[in-house]
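Novice: Starting off with a structure, shown below.
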Amino acid sequence: MSDPNFTKRRRLGYAVGISTESILYNMFYTYYLFFLTDIAHLDPGLAGTVNLISVAWDAITDPIIGRFADRNGQDKRKLMFRAALPVGITFIGAFLPVNFENQAFKFIFYVAMTMLFWLAYTVYTIPYYAVVAEITQDYDERTAIRAQSSLFNTVCIFVGNAVPSVLPGLFAGIGITLALGWTLTAAVLGVIAIITGMIAAYSLRSVTLKKAEAAAESQEKVSFKDYLQILRIKPFRWFVMFVFFFLVATSMIQTNFAYLVQGRLGMSDDDMVIVIVTLVLAMAVVIPIVTKVAEKTDRRFTSLCFTAVMMVCLVIIKFIGIDSVVMLIASVFAVAIGLGCFWTVFYSMAYDLVEVDEFVNGKRRESMITAFPQFFQKFGAAIGMWIAGQVLKFGGYDGTLAVQAQSAKDAIENIATVIPAFFLLFAMVGLFMYPVTKKSFRTLQEKLELKRAGKETDNTGIEKLV
């Protein structure tokens, strides 16, 4: 059921394409709130709202782009290739320093630039992830493809987090202003994103994509009512509950890393490397374990286990307190446990819903099924970043101070521990109720083959799925 043209070499080329979204994603989620408050000197409440608006906009565009990418005659490779350049350019624009004295003008500028960036980002990422469901319908192969991308993603996470922790300071050391150093750092990563995105699109050139080859005039009418059909699918509702609350939790933790290092512990910018190295190494260890556990059991059970471990660890760390490098490392390791699992299985779980949708509604909507969970993912991330900004504001955080008040330090610790742990509890409820297991999915595939052949079938064994 997989394309023989999708060779190991081409699979590697596809995996490289995760750099385009992951490097920029990680720099944005880890540093953008910090950039706005401490470099652009935007009020923390307004800075959090910039992230809320821009990422919520990104979430809204996901279903639109997903609907567009599922049209017959639409080639996902071409969408990826054409979007790569705008992604890099608009990312650089989001990190431009502006000297407006008026906070409102700064706010409007950064909202506009980030909205443009996230639009281009969506045009690239929806086809990039959706194309796997079009290439293969094999449960384990989907896991393997995502596992390879996840391992490569650990390198991207390192680059997206390590480079911004060091490069702006290096630029400042040769006489460039710190603010402009951030722009140049964004430019370096933006160029990398452009190149790797084009490589990924080129690597898929010989792979058969049925929708790309379908005649455009045979296009079945697609409307936004299709999303209502998808939303009525039982497993989908539980899946997006898990995704939404997981991203609320992890986005606030990630955007809080810089504050934890500098504001809570009083360490330097360079000490962010401790966080980054810990995160990357821990994820590199976790991802193969996740893959093995998922192969032996299934993705639902695996996600439940690793998310539960992350949640319990965060609560324990709160009781101990993040007052040392050792506890900083412990908190980052706890996050890596959850993130390593999530990014290994998330898209594969979404792909499984393509077959559920086909069985229930008689349609294959790879891009829409991929895009719709991303809507909830990004909306959850936007909420998480906004909550972090508001907690910082109410805690009295001041980006101009060398030493923060104790109330601000406590707020930073809470953003890293108990607040996200609370949201992870809701994520686990969604996982617990999510009914797609390896066994039920294979039963679904058998019945779907009968249905495709025009033979009669029933819902025995897949009642919870349909």
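We label chains A, B, ... in the order they appear in the structure tokens, count residues from 1 in each chain, and number ligands from 1 in the order shown.
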Skip Ala147 in chain A itself and residues of its chain fewer than 2 positions away, then list as a list in words all residues within 8 Å of it, counting only C-alpha atoms.
Specialist: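 Within the cut-off, the hits are Thr143, Ala144, Ile145, Ser149, Ser150, Leu151, Ile287, Pro288, Thr291, Thr344 and Val345 of chain A.
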Novice: Pick out the residues sitting within 9 Å of range 401-404 of chain A, and hand them over as a list in words; count only C-alpha atoms, and ignore anything fewer than 5 positions along from it in its own chain.
Specialist: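 Near neighbours after the sequence-gap exclusion: Gln262, Gly263, Arg264, Gly266, Gly396 and Lys409 of chain A.
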Novice: For Thr30 in chain A, work out the shell of residues within 12 Å, counting only C-alpha atoms and skipping chain neighbours fewer than 6 positions away, then give it as a PyMOL selection string.
Specialist: chain A and resi 22-24+36+51+157-165+250-261+272+275-276+381+385+388
Novice: If we count only C-alpha atoms and set the cut-off at 12 Å, which residues sit around Met368 in chain A, ignoring sequence neighbours fewer than 6 positions away in its own chain? Please answer as a PyMOL selection string.
Specialist: chain A and resi 61-71+126-127+129-131+133+222-231+350-351+353-354+357+374-375
Novice: Give the answer as one residue: which of A:Pro235, A:Gly197, A:Gly173, A:Gly384 has the shortest atom-to-atom distance to Gly17 in chain A, using only C-alpha atoms?
Specialist: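 Comparing A:Pro235, A:Gly197, A:Gly173, A:Gly384 against Gly17 in chain A, the winner is A:Gly197.
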Novice: Per DSSP on the backbone, filter range 25-122 of chain A down to the residues in helix (DSSP H, G or I) and report them as an NGL selection string.
Specialist: :A and (25-39 or 44-69 or 76-94 or 103-122)
Novice: Might you pull out every residue within 8 Å of Pro373 in chain A, with only C-alpha atoms counted and same-chain residues fewer than 5 positions away left off, and present them as number ranges by chain?
Specialist: A: 239-240, 243, 350
Novice: Do you know which residues are at most 12 Å from Met327 in chain A counting only C-alpha atoms, after dropping those on the same chain fewer than 5 positions away, and could you put them as a PDB file with C-alpha atoms, in the first residue's frame?
Specialist:
ATOM      1  CA  LEU A 260      13.185  30.570  33.469  1.00  0.00           C
ATOM      2  CA  VAL A 261      16.901  30.831  32.740  1.00  0.00           C
ATOM      3  CA  ARG A 264      13.974  32.960  37.602  1.00  0.00           C
ATOM      4  CA  LEU A 265      17.554  31.734  37.983  1.00  0.00           C
ATOM      5  CA  ILE A 274      21.852  24.000  28.993  1.00  0.00           C
ATOM      6  CA  VAL A 275      18.127  23.955  28.259  1.00  0.00           C
ATOM      7  CA  THR A 278      19.020  18.787  27.616  1.00  0.00           C
ATOM      8  CA  CYS A 313       7.035  15.086  36.833  1.00  0.00           C
ATOM      9  CA  LEU A 314       5.909  18.708  36.484  1.00  0.00           C
ATOM     10  CA  ILE A 316       6.810  16.964  41.605  1.00  0.00           C
ATOM     11  CA  ILE A 317       9.184  19.622  40.271  1.00  0.00           C
ATOM     12  CA  LYS A 318       6.852  22.375  41.518  1.00  0.00           C
ATOM     13  CA  PHE A 319       6.960  20.976  45.043  1.00  0.00           C
ATOM     14  CA  ILE A 320      10.771  20.808  44.940  1.00  0.00           C
ATOM     15  CA  GLY A 321      11.134  24.189  43.219  1.00  0.00           C
ATOM     16  CA  ILE A 322      13.217  25.318  40.239  1.00  0.00           C
ATOM     17  CA  VAL A 332      13.353  20.365  30.678  1.00  0.00           C
ATOM     18  CA  PHE A 333      13.741  16.572  30.699  1.00  0.00           C
ATOM     19  CA  ALA A 334      10.122  16.217  31.858  1.00  0.00           C
ATOM     20  CA  GLU A 413       8.026  28.846  37.904  1.00  0.00           C
ATOM     21  CA  ALA A 416       6.865  25.903  33.869  1.00  0.00           C
ATOM     22  CA  THR A 417       5.103  23.483  36.218  1.00  0.00           C
TER      23      THR A 417
END
Novice: Please provide as a PDB file with all heavy atoms, in the first residue's frame all residues within 10 Å of Asp38 in chain A, with the sequence filter that same-chain residues fewer than 2 positions apart are discarded (counting only C-alpha atoms).
Specialist:
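Output saved as around-v4.pdb:
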ATOM      1  N   TYR A  32      10.101  34.361  20.805  1.00  0.00           N
ATOM      2  CA  TYR A  32       9.406  35.536  20.277  1.00  0.00           C
ATOM      3  C   TYR A  32       8.793  36.394  21.373  1.00  0.00           C
ATOM      4  O   TYR A  32       8.850  37.637  21.304  1.00  0.00           O
ATOM      5  CB  TYR A  32       8.347  35.139  19.243  1.00  0.00           C
ATOM      6  CG  TYR A  32       7.998  36.313  18.352  1.00  0.00           C
ATOM      7  CD1 TYR A  32       8.976  36.890  17.548  1.00  0.00           C
ATOM      8  CD2 TYR A  32       6.730  36.860  18.334  1.00  0.00           C
ATOM      9  CE1 TYR A  32       8.689  37.987  16.735  1.00  0.00           C
ATOM     10  CE2 TYR A  32       6.427  37.948  17.530  1.00  0.00           C
ATOM     11  CZ  TYR A  32       7.419  38.515  16.738  1.00  0.00           C
ATOM     12  OH  TYR A  32       7.139  39.602  15.937  1.00  0.00           O
ATOM     13  N   LEU A  33       8.208  35.782  22.368  1.00  0.00           N
ATOM     14  CA  LEU A  33       7.669  36.569  23.473  1.00  0.00           C
ATOM     15  C   LEU A  33       8.800  37.332  24.162  1.00  0.00           C
ATOM     16  O   LEU A  33       8.658  38.517  24.497  1.00  0.00           O
ATOM     17  CB  LEU A  33       6.947  35.654  24.478  1.00  0.00           C
ATOM     18  CG  LEU A  33       6.208  36.360  25.623  1.00  0.00           C
ATOM     19  CD1 LEU A  33       5.093  37.249  25.096  1.00  0.00           C
ATOM     20  CD2 LEU A  33       5.631  35.336  26.606  1.00  0.00           C
ATOM     21  N   PHE A  34       9.934  36.667  24.346  1.00  0.00           N
ATOM     22  CA  PHE A  34      11.108  37.313  24.940  1.00  0.00           C
ATOM     23  C   PHE A  34      11.603  38.450  24.042  1.00  0.00           C
ATOM     24  O   PHE A  34      11.955  39.534  24.531  1.00  0.00           O
ATOM     25  CB  PHE A  34      12.221  36.281  25.152  1.00  0.00           C
ATOM     26  CG  PHE A  34      13.500  36.854  25.677  1.00  0.00           C
ATOM     27  CD1 PHE A  34      13.646  37.124  27.026  1.00  0.00           C
ATOM     28  CD2 PHE A  34      14.558  37.130  24.819  1.00  0.00           C
ATOM     29  CE1 PHE A  34      14.828  37.667  27.520  1.00  0.00           C
ATOM     30  CE2 PHE A  34      15.744  37.666  25.301  1.00  0.00           C
ATOM     31  CZ  PHE A  34      15.877  37.935  26.657  1.00  0.00           C
ATOM     32  N   PHE A  35      11.662  38.220  22.728  1.00  0.00           N
ATOM     33  CA  PHE A  35      12.081  39.259  21.790  1.00  0.00           C
ATOM     34  C   PHE A  35      11.186  40.486  21.908  1.00  0.00           C
ATOM     35  O   PHE A  35      11.669  41.628  21.942  1.00  0.00           O
ATOM     36  CB  PHE A  35      12.049  38.717  20.356  1.00  0.00           C
ATOM     37  CG  PHE A  35      12.211  39.778  19.295  1.00  0.00           C
ATOM     38  CD1 PHE A  35      13.474  40.255  18.966  1.00  0.00           C
ATOM     39  CD2 PHE A  35      11.111  40.295  18.627  1.00  0.00           C
ATOM     40  CE1 PHE A  35      13.630  41.242  17.984  1.00  0.00           C
ATOM     41  CE2 PHE A  35      11.252  41.273  17.658  1.00  0.00           C
ATOM     42  CZ  PHE A  35      12.513  41.756  17.331  1.00  0.00           C
ATOM     43  N   LEU A  36       9.885  40.264  21.976  1.00  0.00           N
ATOM     44  CA  LEU A  36       8.953  41.387  22.052  1.00  0.00           C
ATOM     45  C   LEU A  36       9.084  42.158  23.360  1.00  0.00           C
ATOM     46  O   LEU A  36       9.031  43.393  23.365  1.00  0.00           O
ATOM     47  CB  LEU A  36       7.517  40.884  21.878  1.00  0.00           C
ATOM     48  CG  LEU A  36       7.143  40.333  20.492  1.00  0.00           C
ATOM     49  CD1 LEU A  36       5.711  39.828  20.490  1.00  0.00           C
ATOM     50  CD2 LEU A  36       7.335  41.382  19.403  1.00  0.00           C
ATOM     51  N   ALA A  40      12.242  44.338  21.743  1.00  0.00           N
ATOM     52  CA  ALA A  40      11.366  45.358  21.152  1.00  0.00           C
ATOM     53  C   ALA A  40      10.696  46.229  22.210  1.00  0.00           C
ATOM     54  O   ALA A  40      10.077  47.242  21.883  1.00  0.00           O
ATOM     55  CB  ALA A  40      10.303  44.681  20.285  1.00  0.00           C
ATOM     56  N   HIS A  41      10.803  45.822  23.483  1.00  0.00           N
ATOM     57  CA  HIS A  41      10.251  46.567  24.624  1.00  0.00           C
ATOM     58  C   HIS A  41       8.747  46.826  24.479  1.00  0.00           C
ATOM     59  O   HIS A  41       8.259  47.932  24.678  1.00  0.00           O
ATOM     60  CB  HIS A  41      11.004  47.889  24.830  1.00  0.00           C
ATOM     61  CG  HIS A  41      12.466  47.701  25.075  1.00  0.00           C
ATOM     62  ND1 HIS A  41      12.958  46.957  26.136  1.00  0.00           N
ATOM     63  CD2 HIS A  41      13.558  48.126  24.374  1.00  0.00           C
ATOM     64  CE1 HIS A  41      14.289  46.953  26.090  1.00  0.00           C
ATOM     65  NE2 HIS A  41      14.671  47.635  25.033  1.00  0.00           N
ATOM     66  N   LEU A  42       8.047  45.750  24.131  1.00  0.00           N
ATOM     67  CA  LEU A  42       6.590  45.788  24.072  1.00  0.00           C
ATOM     68  C   LEU A  42       6.041  45.292  25.402  1.00  0.00           C
ATOM     69  O   LEU A  42       6.598  44.372  26.011  1.00  0.00           O
ATOM     70  CB  LEU A  42       6.093  44.898  22.922  1.00  0.00           C
ATOM     71  CG  LEU A  42       4.616  44.987  22.535  1.00  0.00           C
ATOM     72  CD1 LEU A  42       4.266  46.388  22.027  1.00  0.00           C
ATOM     73  CD2 LEU A  42       4.296  43.957  21.447  1.00  0.00           C
ATOM     74  N   ASP A  43       4.975  45.911  25.859  1.00  0.00           N
ATOM     75  CA  ASP A  43       4.336  45.507  27.110  1.00  0.00           C
ATOM     76  C   ASP A  43       4.054  44.006  27.096  1.00  0.00           C
ATOM     77  O   ASP A  43       3.575  43.476  26.083  1.00  0.00           O
ATOM     78  CB  ASP A  43       3.030  46.292  27.274  1.00  0.00           C
ATOM     79  CG  ASP A  43       2.222  45.838  28.480  1.00  0.00           C
ATOM     80  OD1 ASP A  43       2.513  46.273  29.590  1.00  0.00           O
ATOM     81  OD2 ASP A  43       1.300  45.001  28.273  1.00  0.00           O
ATOM     82  N   PRO A  44       4.348  43.267  28.215  1.00  0.00           N
ATOM     83  CA  PRO A  44       4.144  41.812  28.230  1.00  0.00           C
ATOM     84  C   PRO A  44       2.728  41.386  27.860  1.00  0.00           C
ATOM     85  O   PRO A  44       2.534  40.370  27.165  1.00  0.00           O
ATOM     86  CB  PRO A  44       4.473  41.435  29.678  1.00  0.00           C
ATOM     87  CG  PRO A  44       5.431  42.475  30.133  1.00  0.00           C
ATOM     88  CD  PRO A  44       4.989  43.744  29.461  1.00  0.00           C
ATOM     89  N   ALA A 179      19.527  44.334  18.845  1.00  0.00           N
ATOM     90  CA  ALA A 179      18.242  44.205  18.144  1.00  0.00           C
ATOM     91  C   ALA A 179      18.448  43.739  16.707  1.00  0.00           C
ATOM     92  O   ALA A 179      17.761  42.837  16.215  1.00  0.00           O
ATOM     93  CB  ALA A 179      17.493  45.532  18.181  1.00  0.00           C
ATOM     94  N   ASP A 398       9.160  42.647  34.511  1.00  0.00           N
ATOM     95  CA  ASP A 398       9.615  43.869  33.848  1.00  0.00           C
ATOM     96  C   ASP A 398      10.891  43.548  33.084  1.00  0.00           C
ATOM     97  O   ASP A 398      11.934  43.281  33.689  1.00  0.00           O
ATOM     98  CB  ASP A 398       9.872  44.967  34.889  1.00  0.00           C
ATOM     99  CG  ASP A 398      10.211  46.313  34.249  1.00  0.00           C
ATOM    100  OD1 ASP A 398      10.555  46.343  33.050  1.00  0.00           O
ATOM    101  OD2 ASP A 398      10.132  47.336  34.953  1.00  0.00           O
ATOM    102  N   GLY A 399      10.824  43.563  31.750  1.00  0.00           N
ATOM    103  CA  GLY A 399      11.957  43.197  30.914  1.00  0.00           C
ATOM    104  C   GLY A 399      13.140  44.132  31.028  1.00  0.00           C
ATOM    105  O   GLY A 399      14.236  43.786  30.574  1.00  0.00           O
ATOM    106  N   THR A 400      12.954  45.317  31.610  1.00  0.00           N
ATOM    107  CA  THR A 400      14.062  46.268  31.748  1.00  0.00           C
ATOM    108  C   THR A 400      14.867  46.044  33.020  1.00  0.00           C
ATOM    109  O   THR A 400      15.923  46.660  33.203  1.00  0.00           O
ATOM    110  CB  THR A 400      13.540  47.711  31.744  1.00  0.00           C
ATOM    111  OG1 THR A 400      12.694  47.922  32.895  1.00  0.00           O
ATOM    112  CG2 THR A 400      12.737  47.995  30.472  1.00  0.00           C
ATOM    113  N   LEU A 401      14.396  45.182  33.929  1.00  0.00           N
ATOM    114  CA  LEU A 401      15.075  44.948  35.199  1.00  0.00           C
ATOM    115  C   LEU A 401      16.100  43.823  35.078  1.00  0.00           C
ATOM    116  O   LEU A 401      15.842  42.801  34.436  1.00  0.00           O
ATOM    117  CB  LEU A 401      14.067  44.598  36.295  1.00  0.00           C
ATOM    118  CG  LEU A 401      13.029  45.671  36.658  1.00  0.00           C
ATOM    119  CD1 LEU A 401      12.079  45.129  37.729  1.00  0.00           C
ATOM    120  CD2 LEU A 401      13.708  46.941  37.142  1.00  0.00           C
TER     121      LEU A 401
END
